>>> print(open('target-v3.csv').read())   # CSV, N, CA and C atoms and all ligand atoms
chain,number,residue,atom,x,y,z
A,1,MET,N,-16.0,11.9,18.7
A,1,MET,CA,-16.6,10.6,19.1
A,1,MET,C,-15.8,10.1,20.3
A,2,THR,N,-16.5,9.7,21.3
A,2,THR,CA,-15.7,9.2,22.5
A,2,THR,C,-15.3,7.7,22.3
A,3,TYR,N,-14.4,7.3,23.1
A,3,TYR,CA,-14.0,5.9,23.1
A,3,TYR,C,-15.2,5.0,23.3
A,4,ASN,N,-16.1,5.4,24.3
A,4,ASN,CA,-17.2,4.5,24.6
A,4,ASN,C,-18.2,4.3,23.5
A,5,SER,N,-18.4,5.4,22.7
A,5,SER,CA,-19.4,5.3,21.6
A,5,SER,C,-18.8,4.5,20.5
A,6,ILE,N,-17.5,4.6,20.2
A,6,ILE,CA,-16.8,3.8,19.2
A,6,ILE,C,-16.9,2.3,19.7
A,7,TYR,N,-16.6,2.1,20.9
A,7,TYR,CA,-16.7,0.7,21.4
A,7,TYR,C,-18.1,0.1,21.3
A,8,SER,N,-19.1,1.0,21.6
A,8,SER,CA,-20.5,0.5,21.5
A,8,SER,C,-20.9,0.1,20.1
A,9,ILE,N,-20.4,0.9,19.1
A,9,ILE,CA,-20.7,0.6,17.7
A,9,ILE,C,-20.0,-0.7,17.3
A,10,ILE,N,-18.7,-0.9,17.7
A,10,ILE,CA,-18.0,-2.1,17.3
A,10,ILE,C,-18.8,-3.3,18.0
A,11,PHE,N,-19.1,-3.1,19.3
A,11,PHE,CA,-19.7,-4.2,20.0
A,11,PHE,C,-21.1,-4.6,19.4
A,12,SER,N,-21.8,-3.6,19.0
A,12,SER,CA,-23.2,-3.9,18.5
A,12,SER,C,-23.1,-4.5,17.1
A,13,MET,N,-22.0,-4.3,16.4
A,13,MET,CA,-21.9,-4.9,15.1
A,13,MET,C,-21.5,-6.4,15.2
A,14,SER,N,-21.0,-6.8,16.3
A,14,SER,CA,-20.6,-8.2,16.5
A,14,SER,C,-21.7,-9.0,17.1
A,15,ASP,N,-21.9,-10.2,16.5
A,15,ASP,CA,-22.9,-11.1,17.1
A,15,ASP,C,-22.3,-11.9,18.2
A,16,ILE,N,-21.0,-11.8,18.4
A,16,ILE,CA,-20.4,-12.6,19.4
A,16,ILE,C,-20.3,-11.8,20.7
A,17,THR,N,-21.1,-12.2,21.7
A,17,THR,CA,-21.0,-11.5,23.0
A,17,THR,C,-20.6,-12.6,24.0
A,18,LEU,N,-20.3,-12.1,25.2
A,18,LEU,CA,-19.9,-13.0,26.3
A,18,LEU,C,-21.1,-13.9,26.6
A,19,LYS,N,-22.3,-13.4,26.5
A,19,LYS,CA,-23.5,-14.3,26.7
A,19,LYS,C,-23.5,-15.4,25.7
A,20,THR,N,-23.2,-15.0,24.4
A,20,THR,CA,-23.2,-16.1,23.4
A,20,THR,C,-22.2,-17.2,23.7
A,21,ILE,N,-21.0,-16.7,24.1
A,21,ILE,CA,-20.0,-17.7,24.4
A,21,ILE,C,-20.4,-18.6,25.5
A,22,ILE,N,-20.9,-18.0,26.6
A,22,ILE,CA,-21.3,-18.7,27.8
A,22,ILE,C,-22.4,-19.7,27.5
A,23,THR,N,-23.4,-19.2,26.8
A,23,THR,CA,-24.6,-20.1,26.6
A,23,THR,C,-24.2,-21.2,25.5
A,24,GLN,N,-23.2,-21.0,24.7
A,24,GLN,CA,-22.8,-22.1,23.8
A,24,GLN,C,-22.0,-23.2,24.5
A,25,HIS,N,-21.4,-22.8,25.6
A,25,HIS,CA,-20.5,-23.8,26.3
A,25,HIS,C,-21.0,-24.4,27.6
A,26,ILE,N,-21.9,-23.7,28.2
A,26,ILE,CA,-22.4,-24.1,29.5
A,26,ILE,C,-23.9,-24.3,29.4
A,27,HIS,N,-24.4,-25.4,30.0
A,27,HIS,CA,-25.8,-25.7,30.0
A,27,HIS,C,-26.4,-25.0,31.2
A,28,LEU,N,-27.2,-23.9,31.0
A,28,LEU,CA,-27.8,-23.1,32.1
A,28,LEU,C,-29.2,-23.5,32.2
A,29,GLN,N,-29.7,-23.4,33.4
A,29,GLN,CA,-31.2,-23.6,33.7
A,29,GLN,C,-31.9,-22.4,33.1
A,30,PRO,N,-33.2,-22.5,32.8
A,30,PRO,CA,-34.0,-21.4,32.4
A,30,PRO,C,-34.0,-20.3,33.4
A,31,PRO,N,-34.1,-19.0,33.0
A,31,PRO,CA,-34.1,-17.9,34.0
A,31,PRO,C,-35.2,-18.0,35.0
A,32,ASN,N,-34.9,-17.7,36.3
A,32,ASN,CA,-35.9,-17.6,37.3
A,32,ASN,C,-36.6,-16.2,37.2
A,33,HIS,N,-37.5,-15.9,38.1
A,33,HIS,CA,-38.3,-14.7,38.0
A,33,HIS,C,-37.5,-13.4,38.0
A,34,LYS,N,-36.2,-13.5,38.5
A,34,LYS,CA,-35.3,-12.4,38.5
A,34,LYS,C,-34.3,-12.4,37.4
A,35,GLY,N,-34.4,-13.5,36.6
A,35,GLY,CA,-33.5,-13.6,35.4
A,35,GLY,C,-32.2,-14.4,35.6
A,36,TRP,N,-32.0,-14.9,36.8
A,36,TRP,CA,-30.8,-15.7,37.1
A,36,TRP,C,-30.9,-17.1,36.5
A,37,GLN,N,-29.9,-17.5,35.8
A,37,GLN,CA,-29.9,-18.8,35.2
A,37,GLN,C,-28.9,-19.7,36.0
A,38,ALA,N,-29.4,-20.7,36.7
A,38,ALA,CA,-28.6,-21.5,37.6
A,38,ALA,C,-27.7,-22.4,36.9
A,39,VAL,N,-26.6,-22.7,37.6
A,39,VAL,CA,-25.6,-23.7,37.1
A,39,VAL,C,-24.8,-24.2,38.3
A,40,ARG,N,-24.2,-25.4,38.2
A,40,ARG,CA,-23.4,-25.8,39.2
A,40,ARG,C,-22.1,-25.0,39.3
A,41,CYS,N,-21.8,-24.5,40.5
A,41,CYS,CA,-20.6,-23.6,40.6
A,41,CYS,C,-19.3,-24.3,40.4
A,42,HIS,N,-18.5,-23.8,39.5
A,42,HIS,CA,-17.2,-24.5,39.3
A,42,HIS,C,-16.1,-23.9,40.2
A,43,VAL,N,-16.4,-23.0,41.0
A,43,VAL,CA,-15.5,-22.5,41.9
A,43,VAL,C,-15.4,-23.3,43.2
A,44,CYS,N,-16.6,-23.6,43.7
A,44,CYS,CA,-16.7,-24.4,45.0
A,44,CYS,C,-17.3,-25.8,44.7
A,45,ASN,N,-17.6,-26.1,43.5
A,45,ASN,CA,-18.1,-27.4,43.1
A,45,ASN,C,-19.6,-27.6,43.6
A,46,ASP,N,-20.0,-26.8,44.4
A,46,ASP,CA,-21.5,-26.7,44.7
A,46,ASP,C,-22.1,-28.0,45.0
A,47,HIS,N,-21.6,-28.7,45.9
A,47,HIS,CA,-22.1,-30.1,46.2
A,47,HIS,C,-23.0,-30.2,47.3
A,48,THR,N,-23.7,-29.0,47.7
A,48,THR,CA,-24.7,-29.1,48.7
A,48,THR,C,-25.9,-29.7,48.2
A,49,ARG,N,-26.8,-30.0,49.1
A,49,ARG,CA,-28.1,-30.6,48.7
A,49,ARG,C,-29.2,-29.5,48.5
A,50,LYS,N,-28.7,-28.3,48.4
A,50,LYS,CA,-29.7,-27.2,48.2
A,50,LYS,C,-30.0,-26.9,46.8
A,51,GLY,N,-29.4,-27.7,45.9
A,51,GLY,CA,-29.6,-27.5,44.5
A,51,GLY,C,-28.5,-26.7,43.9
A,52,LEU,N,-28.7,-26.2,42.7
A,52,LEU,CA,-27.7,-25.4,42.0
A,52,LEU,C,-27.6,-24.0,42.6
A,53,ARG,N,-26.4,-23.6,43.0
A,53,ARG,CA,-26.3,-22.4,43.8
A,53,ARG,C,-25.5,-21.3,43.1
A,54,GLY,N,-24.9,-21.6,41.9
A,54,GLY,CA,-24.3,-20.6,41.1
A,54,GLY,C,-25.3,-20.2,40.0
A,55,ALA,N,-25.1,-19.0,39.5
A,55,ALA,CA,-26.0,-18.5,38.5
A,55,ALA,C,-25.5,-17.3,37.7
A,56,PHE,N,-25.8,-17.3,36.5
A,56,PHE,CA,-25.5,-16.2,35.6
A,56,PHE,C,-26.7,-15.3,35.5
A,57,LEU,N,-26.4,-13.9,35.4
A,57,LEU,CA,-27.5,-13.0,35.1
A,57,LEU,C,-27.0,-12.2,33.9
A,58,PHE,N,-27.8,-12.2,32.8
A,58,PHE,CA,-27.5,-11.4,31.6
A,58,PHE,C,-28.3,-10.2,31.6
A,59,ASP,N,-27.7,-9.0,31.7
A,59,ASP,CA,-28.5,-7.8,31.8
A,59,ASP,C,-28.0,-6.9,30.7
A,60,GLY,N,-28.6,-7.0,29.5
A,60,GLY,CA,-28.1,-6.2,28.3
A,60,GLY,C,-26.7,-6.8,28.0
A,61,ASP,N,-25.7,-5.9,27.9
A,61,ASP,CA,-24.3,-6.4,27.6
A,61,ASP,C,-23.6,-6.8,28.9
A,62,ASN,N,-24.2,-6.6,30.0
A,62,ASN,CA,-23.5,-6.9,31.3
A,62,ASN,C,-23.8,-8.4,31.6
A,63,VAL,N,-22.7,-9.0,32.2
A,63,VAL,CA,-22.9,-10.4,32.6
A,63,VAL,C,-22.4,-10.5,34.1
A,64,ILE,N,-23.2,-11.0,34.9
A,64,ILE,CA,-22.9,-11.2,36.3
A,64,ILE,C,-23.0,-12.6,36.7
A,65,TYR,N,-21.9,-13.1,37.4
A,65,TYR,CA,-22.0,-14.5,37.9
A,65,TYR,C,-21.9,-14.4,39.4
A,66,LYS,N,-22.7,-15.2,40.1
A,66,LYS,CA,-22.8,-15.2,41.5
A,66,LYS,C,-23.0,-16.6,42.0
A,67,CYS,N,-22.4,-16.9,43.1
A,67,CYS,CA,-22.7,-18.2,43.8
A,67,CYS,C,-23.1,-18.0,45.2
A,68,TRP,N,-24.3,-18.5,45.5
A,68,TRP,CA,-24.9,-18.3,46.8
A,68,TRP,C,-24.3,-19.3,47.8
A,69,ASN,N,-23.4,-20.2,47.3
A,69,ASN,CA,-22.8,-21.2,48.2
A,69,ASN,C,-21.4,-20.6,48.7
A,70,CYS,N,-20.5,-20.3,47.8
A,70,CYS,CA,-19.2,-19.8,48.1
A,70,CYS,C,-19.1,-18.3,48.1
A,71,SER,N,-20.2,-17.6,47.7
A,71,SER,CA,-20.3,-16.1,47.7
A,71,SER,C,-19.4,-15.4,46.6
A,72,ILE,N,-18.8,-16.1,45.7
A,72,ILE,CA,-18.0,-15.5,44.6
A,72,ILE,C,-19.0,-14.6,43.8
A,73,VAL,N,-18.5,-13.4,43.4
A,73,VAL,CA,-19.3,-12.6,42.5
A,73,VAL,C,-18.3,-12.1,41.4
A,74,ALA,N,-18.7,-12.2,40.2
A,74,ALA,CA,-17.9,-11.7,39.1
A,74,ALA,C,-18.8,-11.0,38.1
A,75,THR,N,-18.4,-9.8,37.7
A,75,THR,CA,-19.2,-9.0,36.8
A,75,THR,C,-18.4,-8.6,35.6
A,76,TYR,N,-19.0,-8.5,34.5
A,76,TYR,CA,-18.4,-8.1,33.2
A,76,TYR,C,-19.3,-7.0,32.6
A,77,LYS,N,-18.8,-5.7,32.7
A,77,LYS,CA,-19.6,-4.6,32.2
A,77,LYS,C,-18.8,-3.9,31.1
A,78,PRO,N,-18.9,-4.3,29.8
A,78,PRO,CA,-18.0,-3.8,28.8
A,78,PRO,C,-18.2,-2.3,28.5
A,79,LEU,N,-19.3,-1.8,28.7
A,79,LEU,CA,-19.5,-0.3,28.4
A,79,LEU,C,-19.0,0.6,29.5
A,80,GLU,N,-18.6,0.0,30.6
A,80,GLU,CA,-18.1,0.9,31.7
A,80,GLU,C,-16.6,1.0,31.6
A,81,HIS,N,-15.9,0.2,30.7
A,81,HIS,CA,-14.5,0.2,30.7
A,81,HIS,C,-13.9,1.5,30.0
A,101,ZN,ZN,-19.5,-21.5,44.5
>>> encode(input="target-v3.csv", output="structure tokens", more="lines below")
Ligand SMILES: [Zn+2]
Amino acid sequence: MTYNSIYSIIFSMSDITLKTIITQHIHLQPPNHKGWQAVRCHVCNDHTRKGLRGAFLFDGDNVIYKCWNCSIVATYKPLEH
């Protein structure tokens, strides 16, 4: 059994995912047509008049954060580790 498959089993047994933690602590907008859930960016404070420019995308176990204002991109892909 590979490390990845062991990790997958452990991960799937746990109800606590990064998505769970994020959505419990941050108020996100409903997903847009591409699945992005907007939020005010805490990196650049996102104080433009263009609306909320930061957003999370939850794609299975992967979590991606991107801000269209300051261009920060952060990804969490647990099964690729
Ligand atoms: Zn930003």
>>> residues_near_ligand(input="target-v3.csv", ligand="ligand ZN 101 (chain A)", cutoff="5 Å", atoms="all atoms listed in the file", output="mmCIF file with N, CA and C atoms, keeping the file's coordinate frame")
data_model
loop_
_atom_site.group_PDB
_atom_site.id
_atom_site.type_symbol
_atom_site.label_atom_id
_atom_site.label_comp_id
_atom_site.auth_asym_id
_atom_site.auth_seq_id
_atom_site.Cartn_x
_atom_site.Cartn_y
_atom_site.Cartn_z
ATOM 1 N N CYS A 41 -21.800 -24.500 40.500
ATOM 2 C CA CYS A 41 -20.600 -23.600 40.600
ATOM 3 C C CYS A 41 -19.300 -24.300 40.400
ATOM 4 N N VAL A 43 -16.400 -23.000 41.000
ATOM 5 C CA VAL A 43 -15.500 -22.500 41.900
ATOM 6 C C VAL A 43 -15.400 -23.300 43.200
ATOM 7 N N CYS A 44 -16.600 -23.600 43.700
ATOM 8 C CA CYS A 44 -16.700 -24.400 45.000
ATOM 9 C C CYS A 44 -17.300 -25.800 44.700
ATOM 10 N N CYS A 67 -22.400 -16.900 43.100
ATOM 11 C CA CYS A 67 -22.700 -18.200 43.800
ATOM 12 C C CYS A 67 -23.100 -18.000 45.200
ATOM 13 N N ASN A 69 -23.400 -20.200 47.300
ATOM 14 C CA ASN A 69 -22.800 -21.200 48.200
ATOM 15 C C ASN A 69 -21.400 -20.600 48.700
ATOM 16 N N CYS A 70 -20.500 -20.300 47.800
ATOM 17 C CA CYS A 70 -19.200 -19.800 48.100
ATOM 18 C C CYS A 70 -19.100 -18.300 48.100
#
>>> residues_around(input="target-v3.csv", residues="Arg40 (chain A)", least_positions_apart="2", cutoff="10 Å", atoms="only C-alpha atoms", output="mmCIF file with N, CA and C atoms, in the coordinates of the input")
data_model
loop_
_atom_site.group_PDB
_atom_site.id
_atom_site.type_symbol
_atom_site.label_atom_id
_atom_site.label_comp_id
_atom_site.auth_asym_id
_atom_site.auth_seq_id
_atom_site.Cartn_x
_atom_site.Cartn_y
_atom_site.Cartn_z
ATOM 1 N N ILE A 26 -21.900 -23.700 28.200
ATOM 2 C CA ILE A 26 -22.400 -24.100 29.500
ATOM 3 C C ILE A 26 -23.900 -24.300 29.400
ATOM 4 N N HIS A 27 -24.400 -25.400 30.000
ATOM 5 C CA HIS A 27 -25.800 -25.700 30.000
ATOM 6 C C HIS A 27 -26.400 -25.000 31.200
ATOM 7 N N LEU A 28 -27.200 -23.900 31.000
ATOM 8 C CA LEU A 28 -27.800 -23.100 32.100
ATOM 9 C C LEU A 28 -29.200 -23.500 32.200
ATOM 10 N N GLN A 29 -29.700 -23.400 33.400
ATOM 11 C CA GLN A 29 -31.200 -23.600 33.700
ATOM 12 C C GLN A 29 -31.900 -22.400 33.100
ATOM 13 N N ALA A 38 -29.400 -20.700 36.700
ATOM 14 C CA ALA A 38 -28.600 -21.500 37.600
ATOM 15 C C ALA A 38 -27.700 -22.400 36.900
ATOM 16 N N HIS A 42 -18.500 -23.800 39.500
ATOM 17 C CA HIS A 42 -17.200 -24.500 39.300
ATOM 18 C C HIS A 42 -16.100 -23.900 40.200
ATOM 19 N N VAL A 43 -16.400 -23.000 41.000
ATOM 20 C CA VAL A 43 -15.500 -22.500 41.900
ATOM 21 C C VAL A 43 -15.400 -23.300 43.200
ATOM 22 N N CYS A 44 -16.600 -23.600 43.700
ATOM 23 C CA CYS A 44 -16.700 -24.400 45.000
ATOM 24 C C CYS A 44 -17.300 -25.800 44.700
ATOM 25 N N ASN A 45 -17.600 -26.100 43.500
ATOM 26 C CA ASN A 45 -18.100 -27.400 43.100
ATOM 27 C C ASN A 45 -19.600 -27.600 43.600
ATOM 28 N N ASP A 46 -20.000 -26.800 44.400
ATOM 29 C CA ASP A 46 -21.500 -26.700 44.700
ATOM 30 C C ASP A 46 -22.100 -28.000 45.000
ATOM 31 N N HIS A 47 -21.600 -28.700 45.900
ATOM 32 C CA HIS A 47 -22.100 -30.100 46.200
ATOM 33 C C HIS A 47 -23.000 -30.200 47.300
ATOM 34 N N GLY A 51 -29.400 -27.700 45.900
ATOM 35 C CA GLY A 51 -29.600 -27.500 44.500
ATOM 36 C C GLY A 51 -28.500 -26.700 43.900
ATOM 37 N N LEU A 52 -28.700 -26.200 42.700
ATOM 38 C CA LEU A 52 -27.700 -25.400 42.000
ATOM 39 C C LEU A 52 -27.600 -24.000 42.600
ATOM 40 N N ARG A 53 -26.400 -23.600 43.000
ATOM 41 C CA ARG A 53 -26.300 -22.400 43.800
ATOM 42 C C ARG A 53 -25.500 -21.300 43.100
ATOM 43 N N GLY A 54 -24.900 -21.600 41.900
ATOM 44 C CA GLY A 54 -24.300 -20.600 41.100
ATOM 45 C C GLY A 54 -25.300 -20.200 40.000
ATOM 46 N N ALA A 55 -25.100 -19.000 39.500
ATOM 47 C CA ALA A 55 -26.000 -18.500 38.500
ATOM 48 C C ALA A 55 -25.500 -17.300 37.700
ATOM 49 N N CYS A 67 -22.400 -16.900 43.100
ATOM 50 C CA CYS A 67 -22.700 -18.200 43.800
ATOM 51 C C CYS A 67 -23.100 -18.000 45.200
#
>>> select_by_dssp(input="target-v3.csv", residues="region 9-76 of chain A", states="alpha helix (DSSP H)", output="NGL selection string")
:A and (9-13 or 18-25)
>>> atom_distance(input="target-v3.csv", atom1="atom N of Trp36 (chain A)", atom2="atom C of Glu80 (chain A)")
22.7 Å
>>> residues_around(input="target-v3.csv", residues="Pro30 (chain A)", least_positions_apart="5", cutoff="12 Å", atoms="only C-alpha atoms", output="PyMOL selection string")
chain A and resi 23+35-39+55-58
>>> atom_distance(input="target-v3.csv", atom1="atom N of Pro78 (chain A)", atom2="atom C of Gly60 (chain A)")
8.4 Å
>>> atom_distance(input="target-v3.csv", atom1="atom N of Asn62 (chain A)", atom2="CA of Tyr76 (chain A)")
6.8 Å
>>> select_by_dssp(input="target-v3.csv", residues="chain A", states="strand (DSSP E or B)", output="list in words")
Trp36, Gln37, Ala38, Val39, Gly54, Ala55, Phe56, Leu57, Phe58, Asp59, Asn62, Val63, Ile64, Tyr65, Lys66, Cys67, Val73, Ala74, Thr75 and Tyr76 of chain A
